[in-house]
Amino acid sequence: MNVVIFAGPTLSASEGARVLDATFLPPAAQGDLYRAALGKPVAIGLIDGYFERVPSVSHKEILWAMKQGVHVFGAASMGALRAAELSAFGMEGVGEIFQAFASGALEDDDEVAVVHAAAEDGYRPLSEAMVNLRATLQAARAAGVLGEDTRTTLESFAKCLFHADRTWPALFQHGREAGLDAAGLDAFLDFVTEHRVDQKRLDALALLQTLRARLEAGLTPKETRYAFSHTDAWEHILRKVEATLCPEGHGH
C-alpha cells in the first residue's frame with residue numbers, strides 16, 4: 001500500500017523503514033502534504049515539519065487530503081501539534097506528546113521545536129526538545145535521582161531558554177550557576193548519559209506501529225463530514241505548489 005511519512009530529525013528514514021514499508025520524505029513545509037496527497041496514498045504520517053523561516057504545513061492541506069480519502073496521522077513534533085488542532089476533523093494523533101497537547105497540558109509550539117542540520121547531515125538535531133527535557137527530568141525524579149524541587153528548578157531553567165539554545169550542557173550550566181547541589185547534578189548527568197528519554201522518537205515509532213497495525217487490519221478510504229472551503233489562503237498554496245510541478249505532475 002502507498003504510505004507517505006514526513007520525518008527527520010525525530011526519526012531517520014532508515015530507522016522508520018525497519019518498522020513500516022513506506023515512502024519517507026524530509027520534514028514537511030507548506031504545500032508538501034498537499035503534493036503528497038496528489039499521489040493518492042492510503043495514508044500520510046506527519047512527524048516532522050518546518051517552521052519559523054519556512055512556512056509550516058497548513059491545516060487546509062491536511063483537511064484537503066482527508067477530504068480526498070487519505071488518512072492523516074500525526075505524532076511527536078509538528079504532527080502532534082496539527083493532530084491536536086485537527087482531531088475534531090478526523091486527523092489521528094498518536095503518542096504522549098499528542099495527548100498532552102490535546103488535553104491542554106501543553107500549549108506552546110516551542111515544546112517540540114528544535115534546530116537541526118541540513119539534509120546532507122541527516123537532519124541531525126542540534127538542540128533538545130523541551131518535551132524530551134521534561135520527560136527525562138520526570139524519569140530522573142521517578143528514579144530517585146532528582147528531588148522534586150531540583151526537577152522543577154531545572155525544568156524552569158529549560159523552559160526559559162530559547163528553543164535553539166536548549167541543550168543538556170546549557171541546562172547543566174544554568175544549574176551550576178544557580179548553585180544547585182553539585183553531587184546531585186553529577187548524578188543527574190550520569191542518568192542523562194544512560195537513560196535520556198527521547199519522547200519524540202518514542203512517539204514517532206508509535207505512529208509507525210499504529211499505522212502498520214491499521215493497514216494490516218484493513219484501512220478503507222477516509223470518510224469526512226466537513227465542508228471544504230476554497231479560501232484565498234488555500235488558493236495561494238495551490239498556486240505555490242503548481243508552480244513547482246512539471247506539466248506531467250512530477251516535481252523538478
# chains A, B, ... in the order shown; residues from 1 in each chain; ligands from 1
$ closest_atom_pairs --of "range 49-122 of chain A" --to "range 146-163 of chain A" --cutoff "9 Å" --atoms "only C-alpha atoms" --output "JSON lines"
{"residue": "A:Asp110", "atom": "CA", "partner": "A:His163", "partner_atom": "CA", "distance": 6.3}
{"residue": "A:Glu111", "atom": "CA", "partner": "A:His163", "partner_atom": "CA", "distance": 8.0}
{"residue": "A:Val112", "atom": "CA", "partner": "A:His163", "partner_atom": "CA", "distance": 8.7}
{"residue": "A:Ala113", "atom": "CA", "partner": "A:His163", "partner_atom": "CA", "distance": 6.3}
{"residue": "A:Val114", "atom": "CA", "partner": "A:His163", "partner_atom": "CA", "distance": 6.3}
{"residue": "A:Val115", "atom": "CA", "partner": "A:His163", "partner_atom": "CA", "distance": 7.9}
$ write_last_selection --atoms "N, CA and C atoms" --output "short mmCIF file (atom, residue, chain, number, x, y, z; two decimals), in the first residue's frame"
data_model
loop_
_atom_site.label_atom_id
_atom_site.label_comp_id
_atom_site.auth_asym_id
_atom_site.auth_seq_id
_atom_site.Cartn_x
_atom_site.Cartn_y
_atom_site.Cartn_z
N ASP A 110 6.80 25.76 21.05
CA ASP A 110 8.23 25.59 21.28
C ASP A 110 8.55 24.31 22.06
N GLU A 111 7.54 23.65 22.59
CA GLU A 111 7.77 22.41 23.33
C GLU A 111 8.40 21.33 22.44
N VAL A 112 8.11 21.35 21.15
CA VAL A 112 8.62 20.32 20.25
C VAL A 112 9.67 20.86 19.28
N ALA A 113 9.93 22.16 19.33
CA ALA A 113 10.83 22.78 18.35
C ALA A 113 12.29 22.47 18.62
N VAL A 114 13.01 22.18 17.56
CA VAL A 114 14.47 22.00 17.63
C VAL A 114 15.08 22.64 16.39
N VAL A 115 16.36 22.91 16.46
CA VAL A 115 17.11 23.26 15.26
C VAL A 115 17.88 22.01 14.84
#
$ residues_around --residues "range 46-59 of chain A" --least-positions-apart "2" --cutoff "7 Å" --atoms "only C-alpha atoms" --output "list in words"
Ile5, Phe6, Ala7, Gly8, Thr10, Pro27, Ala28, Ala29, Gln30, Gly31, Leu33, Ile44, Glu61, Ile62, Leu63, Phe73, Gly74, Ala75, Ala76, Ser77, Met78, Gly79 and Ala204 of chain A
$ atom_distance --atom1 "CA of Arg18 in chain A" --atom2 "CA of Asp198 in chain A"
18.3 Å
$ select_by_dssp --residues "range 34-145 of chain A" --states "strand (DSSP E)" --output "PDB file with C-alpha atoms, in the first residue's frame"
ATOM      1  CA  ALA A  43      -2.259   7.312   4.487  1.00  0.00           C
ATOM      2  CA  ILE A  44       0.154  10.107   5.354  1.00  0.00           C
ATOM      3  CA  GLY A  45       2.093  10.230   8.609  1.00  0.00           C
ATOM      4  CA  LEU A  46       3.237  13.680   9.691  1.00  0.00           C
ATOM      5  CA  HIS A  71      -5.894   9.059   6.329  1.00  0.00           C
ATOM      6  CA  VAL A  72      -3.581  11.554   8.044  1.00  0.00           C
ATOM      7  CA  PHE A  73      -1.775  10.628  11.257  1.00  0.00           C
ATOM      8  CA  GLY A  74       0.364  12.894  13.406  1.00  0.00           C
ATOM      9  CA  ALA A  75       2.804  12.455  16.270  1.00  0.00           C
ATOM     10  CA  GLU A  92      -5.478  10.965  14.137  1.00  0.00           C
ATOM     11  CA  GLY A  93      -2.882  11.709  16.799  1.00  0.00           C
ATOM     12  CA  VAL A  94      -0.601   9.141  18.384  1.00  0.00           C
TER      13      VAL A  94
END
$ atom_distance --atom1 "CA of Thr210 in chain A" --atom2 "CA of Gly95 in chain A"
9.8 Å
$ closest_residue --among "A:Ala83, A:Val197, A:Ala22, A:Ala140" --to "Arg212 in chain A" --atoms "only C-alpha atoms"
A:Ala22
$ closest_residue --among "A:Lys200, A:Lys67, A:His230, A:His195" --to "Ala129 in chain A" --atoms "only C-alpha atoms"
A:Lys200
$ closest_residue --among "A:Leu133, A:Leu202, A:Ala178, A:Leu126" --to "Ala164 in chain A" --atoms "only C-alpha atoms"
A:Leu126
$ atom_distance --atom1 "CA of Leu20 in chain A" --atom2 "CA of Leu215 in chain A"
10.1 Å
$ select_by_dssp --residues "range 56-235 of chain A" --states "helix (DSSP H, G or I)" --output "PyMOL selection string"
chain A and resi 59-67+78-89+96-103+109-111+119-121+130-142+148-160+163-165+168-177+182-195+199-217+232-235
$ closest_residue --among "A:Gly90, A:Ile97, A:Ala227, A:Trp64" --to "Leu207 in chain A" --atoms "only C-alpha atoms"
A:Ile97
$ closest_residue --among "A:His116, A:Tyr34, A:Ala170, A:Ser12" --to "Arg239 in chain A" --atoms "only C-alpha atoms"
A:Tyr34
$ residues_around --residues "Val145 in chain A" --least-positions-apart "2" --cutoff "8 Å" --atoms "only C-alpha atoms" --output "ChimeraX atom specification"
/A:140-143,147,184,187-188,191
$ closest_residue --among "A:Leu81, A:Leu137, A:Val4, A:Leu189" --to "Gln173 in chain A" --atoms "only C-alpha atoms"
A:Leu189
$ decode --residues "range 203-240 of chain A" --atoms "N, CA, C and O atoms" --output "PDB file, in the first residue's frame"
ATOM      1  N   ASP A 203       7.325   8.458  20.328  1.00  0.00           N
ATOM      2  CA  ASP A 203       6.012   8.728  19.748  1.00  0.00           C
ATOM      3  C   ASP A 203       6.013   8.521  18.237  1.00  0.00           C
ATOM      4  O   ASP A 203       5.019   8.067  17.656  1.00  0.00           O
ATOM      5  N   ALA A 204       7.126   8.862  17.590  1.00  0.00           N
ATOM      6  CA  ALA A 204       7.228   8.643  16.137  1.00  0.00           C
ATOM      7  C   ALA A 204       7.152   7.156  15.814  1.00  0.00           C
ATOM      8  O   ALA A 204       6.461   6.735  14.879  1.00  0.00           O
ATOM      9  N   LEU A 205       7.851   6.344  16.595  1.00  0.00           N
ATOM     10  CA  LEU A 205       7.792   4.899  16.394  1.00  0.00           C
ATOM     11  C   LEU A 205       6.387   4.366  16.667  1.00  0.00           C
ATOM     12  O   LEU A 205       5.902   3.474  15.958  1.00  0.00           O
ATOM     13  N   ALA A 206       5.728   4.946  17.668  1.00  0.00           N
ATOM     14  CA  ALA A 206       4.350   4.532  17.974  1.00  0.00           C
ATOM     15  C   ALA A 206       3.422   4.837  16.806  1.00  0.00           C
ATOM     16  O   ALA A 206       2.509   4.063  16.501  1.00  0.00           O
ATOM     17  N   LEU A 207       3.644   5.972  16.128  1.00  0.00           N
ATOM     18  CA  LEU A 207       2.829   6.292  14.949  1.00  0.00           C
ATOM     19  C   LEU A 207       3.013   5.238  13.874  1.00  0.00           C
ATOM     20  O   LEU A 207       2.035   4.742  13.294  1.00  0.00           O
ATOM     21  N   LEU A 208       4.266   4.874  13.596  1.00  0.00           N
ATOM     22  CA  LEU A 208       4.527   3.890  12.555  1.00  0.00           C
ATOM     23  C   LEU A 208       3.928   2.534  12.920  1.00  0.00           C
ATOM     24  O   LEU A 208       3.355   1.844  12.062  1.00  0.00           O
ATOM     25  N   GLN A 209       4.042   2.154  14.189  1.00  0.00           N
ATOM     26  CA  GLN A 209       3.484   0.877  14.635  1.00  0.00           C
ATOM     27  C   GLN A 209       1.962   0.889  14.560  1.00  0.00           C
ATOM     28  O   GLN A 209       1.336  -0.103  14.156  1.00  0.00           O
ATOM     29  N   THR A 210       1.359   2.019  14.937  1.00  0.00           N
ATOM     30  CA  THR A 210      -0.102   2.149  14.865  1.00  0.00           C
ATOM     31  C   THR A 210      -0.569   2.075  13.417  1.00  0.00           C
ATOM     32  O   THR A 210      -1.543   1.373  13.101  1.00  0.00           O
ATOM     33  N   LEU A 211       0.129   2.762  12.544  1.00  0.00           N
ATOM     34  CA  LEU A 211      -0.249   2.768  11.136  1.00  0.00           C
ATOM     35  C   LEU A 211      -0.082   1.387  10.516  1.00  0.00           C
ATOM     36  O   LEU A 211      -0.941   0.937   9.739  1.00  0.00           O
ATOM     37  N   ARG A 212       0.983   0.678  10.893  1.00  0.00           N
ATOM     38  CA  ARG A 212       1.183  -0.684  10.376  1.00  0.00           C
ATOM     39  C   ARG A 212       0.041  -1.604  10.799  1.00  0.00           C
ATOM     40  O   ARG A 212      -0.491  -2.375   9.989  1.00  0.00           O
ATOM     41  N   ALA A 213      -0.367  -1.480  12.070  1.00  0.00           N
ATOM     42  CA  ALA A 213      -1.467  -2.308  12.575  1.00  0.00           C
ATOM     43  C   ALA A 213      -2.781  -1.975  11.871  1.00  0.00           C
ATOM     44  O   ALA A 213      -3.564  -2.877  11.534  1.00  0.00           O
ATOM     45  N   ARG A 214      -3.007  -0.709  11.637  1.00  0.00           N
ATOM     46  CA  ARG A 214      -4.244  -0.300  10.955  1.00  0.00           C
ATOM     47  C   ARG A 214      -4.259  -0.791   9.517  1.00  0.00           C
ATOM     48  O   ARG A 214      -5.302  -1.205   8.996  1.00  0.00           O
ATOM     49  N   LEU A 215      -3.115  -0.751   8.856  1.00  0.00           N
ATOM     50  CA  LEU A 215      -3.024  -1.231   7.482  1.00  0.00           C
ATOM     51  C   LEU A 215      -3.252  -2.738   7.421  1.00  0.00           C
ATOM     52  O   LEU A 215      -3.943  -3.240   6.531  1.00  0.00           O
ATOM     53  N   GLU A 216      -2.669  -3.448   8.366  1.00  0.00           N
ATOM     54  CA  GLU A 216      -2.833  -4.905   8.396  1.00  0.00           C
ATOM     55  C   GLU A 216      -4.286  -5.295   8.664  1.00  0.00           C
ATOM     56  O   GLU A 216      -4.762  -6.321   8.178  1.00  0.00           O
ATOM     57  N   ALA A 217      -4.990  -4.454   9.434  1.00  0.00           N
ATOM     58  CA  ALA A 217      -6.398  -4.735   9.743  1.00  0.00           C
ATOM     59  C   ALA A 217      -7.319  -4.358   8.591  1.00  0.00           C
ATOM     60  O   ALA A 217      -8.480  -4.770   8.556  1.00  0.00           O
ATOM     61  N   GLY A 218      -6.791  -3.559   7.653  1.00  0.00           N
ATOM     62  CA  GLY A 218      -7.593  -3.125   6.515  1.00  0.00           C
ATOM     63  C   GLY A 218      -8.042  -1.690   6.691  1.00  0.00           C
ATOM     64  O   GLY A 218      -8.868  -1.398   7.558  1.00  0.00           O
ATOM     65  N   LEU A 219      -7.478  -0.807   5.892  1.00  0.00           N
ATOM     66  CA  LEU A 219      -7.768   0.618   6.013  1.00  0.00           C
ATOM     67  C   LEU A 219      -8.554   1.072   4.790  1.00  0.00           C
ATOM     68  O   LEU A 219      -8.009   1.179   3.691  1.00  0.00           O
ATOM     69  N   THR A 220      -9.834   1.328   4.970  1.00  0.00           N
ATOM     70  CA  THR A 220     -10.674   1.810   3.880  1.00  0.00           C
ATOM     71  C   THR A 220     -10.482   3.315   3.722  1.00  0.00           C
ATOM     72  O   THR A 220      -9.971   3.975   4.636  1.00  0.00           O
ATOM     73  N   PRO A 221     -10.867   3.902   2.591  1.00  0.00           N
ATOM     74  CA  PRO A 221     -10.679   5.336   2.396  1.00  0.00           C
ATOM     75  C   PRO A 221     -11.289   6.173   3.524  1.00  0.00           C
ATOM     76  O   PRO A 221     -12.329   5.829   4.076  1.00  0.00           O
ATOM     77  N   LYS A 222     -10.598   7.249   3.853  1.00  0.00           N
ATOM     78  CA  LYS A 222     -11.040   8.145   4.916  1.00  0.00           C
ATOM     79  C   LYS A 222     -12.387   8.767   4.566  1.00  0.00           C
ATOM     80  O   LYS A 222     -12.620   9.183   3.432  1.00  0.00           O
ATOM     81  N   GLU A 223     -13.261   8.823   5.548  1.00  0.00           N
ATOM     82  CA  GLU A 223     -14.554   9.482   5.374  1.00  0.00           C
ATOM     83  C   GLU A 223     -14.599  10.723   6.254  1.00  0.00           C
ATOM     84  O   GLU A 223     -14.189  10.688   7.415  1.00  0.00           O
ATOM     85  N   THR A 224     -15.096  11.826   5.704  1.00  0.00           N
ATOM     86  CA  THR A 224     -15.183  13.080   6.460  1.00  0.00           C
ATOM     87  C   THR A 224     -16.591  13.654   6.346  1.00  0.00           C
ATOM     88  O   THR A 224     -17.342  13.306   5.433  1.00  0.00           O
ATOM     89  N   ARG A 225     -16.903  14.550   7.271  1.00  0.00           N
ATOM     90  CA  ARG A 225     -18.237  15.147   7.290  1.00  0.00           C
ATOM     91  C   ARG A 225     -18.206  16.670   7.139  1.00  0.00           C
ATOM     92  O   ARG A 225     -19.260  17.306   7.130  1.00  0.00           O
ATOM     93  N   TYR A 226     -17.038  17.234   7.047  1.00  0.00           N
ATOM     94  CA  TYR A 226     -16.950  18.696   6.968  1.00  0.00           C
ATOM     95  C   TYR A 226     -16.968  19.156   5.510  1.00  0.00           C
ATOM     96  O   TYR A 226     -16.609  18.415   4.591  1.00  0.00           O
ATOM     97  N   ALA A 227     -17.372  20.390   5.328  1.00  0.00           N
ATOM     98  CA  ALA A 227     -17.334  21.016   4.002  1.00  0.00           C
ATOM     99  C   ALA A 227     -15.986  21.702   3.842  1.00  0.00           C
ATOM    100  O   ALA A 227     -15.503  22.370   4.764  1.00  0.00           O
ATOM    101  N   PHE A 228     -15.359  21.521   2.696  1.00  0.00           N
ATOM    102  CA  PHE A 228     -14.058  22.136   2.448  1.00  0.00           C
ATOM    103  C   PHE A 228     -14.246  23.414   1.648  1.00  0.00           C
ATOM    104  O   PHE A 228     -14.806  23.398   0.547  1.00  0.00           O
ATOM    105  N   SER A 229     -13.780  24.535   2.190  1.00  0.00           N
ATOM    106  CA  SER A 229     -13.942  25.839   1.535  1.00  0.00           C
ATOM    107  C   SER A 229     -12.652  26.250   0.836  1.00  0.00           C
ATOM    108  O   SER A 229     -11.561  26.149   1.406  1.00  0.00           O
ATOM    109  N   HIS A 230     -12.785  26.716  -0.383  1.00  0.00           N
ATOM    110  CA  HIS A 230     -11.637  27.200  -1.144  1.00  0.00           C
ATOM    111  C   HIS A 230     -11.406  28.673  -0.825  1.00  0.00           C
ATOM    112  O   HIS A 230     -11.941  29.566  -1.475  1.00  0.00           O
ATOM    113  N   THR A 231     -10.589  28.922   0.187  1.00  0.00           N
ATOM    114  CA  THR A 231     -10.288  30.283   0.628  1.00  0.00           C
ATOM    115  C   THR A 231      -9.140  30.870  -0.185  1.00  0.00           C
ATOM    116  O   THR A 231      -8.453  30.161  -0.930  1.00  0.00           O
ATOM    117  N   ASP A 232      -8.907  32.169  -0.016  1.00  0.00           N
ATOM    118  CA  ASP A 232      -7.786  32.819  -0.697  1.00  0.00           C
ATOM    119  C   ASP A 232      -6.460  32.193  -0.261  1.00  0.00           C
ATOM    120  O   ASP A 232      -5.551  32.014  -1.083  1.00  0.00           O
ATOM    121  N   ALA A 233      -6.351  31.874   1.034  1.00  0.00           N
ATOM    122  CA  ALA A 233      -5.121  31.260   1.541  1.00  0.00           C
ATOM    123  C   ALA A 233      -4.884  29.896   0.885  1.00  0.00           C
ATOM    124  O   ALA A 233      -3.751  29.536   0.561  1.00  0.00           O
ATOM    125  N   TRP A 234      -5.959  29.149   0.682  1.00  0.00           N
ATOM    126  CA  TRP A 234      -5.838  27.842   0.038  1.00  0.00           C
ATOM    127  C   TRP A 234      -5.427  27.995  -1.421  1.00  0.00           C
ATOM    128  O   TRP A 234      -4.568  27.253  -1.915  1.00  0.00           O
ATOM    129  N   GLU A 235      -5.993  28.956  -2.108  1.00  0.00           N
ATOM    130  CA  GLU A 235      -5.626  29.187  -3.496  1.00  0.00           C
ATOM    131  C   GLU A 235      -4.159  29.587  -3.612  1.00  0.00           C
ATOM    132  O   GLU A 235      -3.478  29.224  -4.578  1.00  0.00           O
ATOM    133  N   HIS A 236      -3.674  30.314  -2.621  1.00  0.00           N
ATOM    134  CA  HIS A 236      -2.265  30.705  -2.617  1.00  0.00           C
ATOM    135  C   HIS A 236      -1.372  29.467  -2.533  1.00  0.00           C
ATOM    136  O   HIS A 236      -0.356  29.363  -3.236  1.00  0.00           O
ATOM    137  N   ILE A 237      -1.742  28.514  -1.677  1.00  0.00           N
ATOM    138  CA  ILE A 237      -0.976  27.276  -1.552  1.00  0.00           C
ATOM    139  C   ILE A 237      -1.014  26.498  -2.859  1.00  0.00           C
ATOM    140  O   ILE A 237       0.007  25.972  -3.320  1.00  0.00           O
ATOM    141  N   LEU A 238      -2.184  26.432  -3.495  1.00  0.00           N
ATOM    142  CA  LEU A 238      -2.307  25.723  -4.760  1.00  0.00           C
ATOM    143  C   LEU A 238      -1.389  26.318  -5.822  1.00  0.00           C
ATOM    144  O   LEU A 238      -0.695  25.601  -6.542  1.00  0.00           O
ATOM    145  N   ARG A 239      -1.397  27.636  -5.920  1.00  0.00           N
ATOM    146  CA  ARG A 239      -0.546  28.296  -6.917  1.00  0.00           C
ATOM    147  C   ARG A 239       0.927  28.037  -6.634  1.00  0.00           C
ATOM    148  O   ARG A 239       1.730  27.819  -7.547  1.00  0.00           O
ATOM    149  N   LYS A 240       1.281  28.063  -5.349  1.00  0.00           N
ATOM    150  CA  LYS A 240       2.674  27.830  -4.954  1.00  0.00           C
ATOM    151  C   LYS A 240       3.123  26.427  -5.343  1.00  0.00           C
ATOM    152  O   LYS A 240       4.222  26.235  -5.880  1.00  0.00           O
TER     153      LYS A 240
END
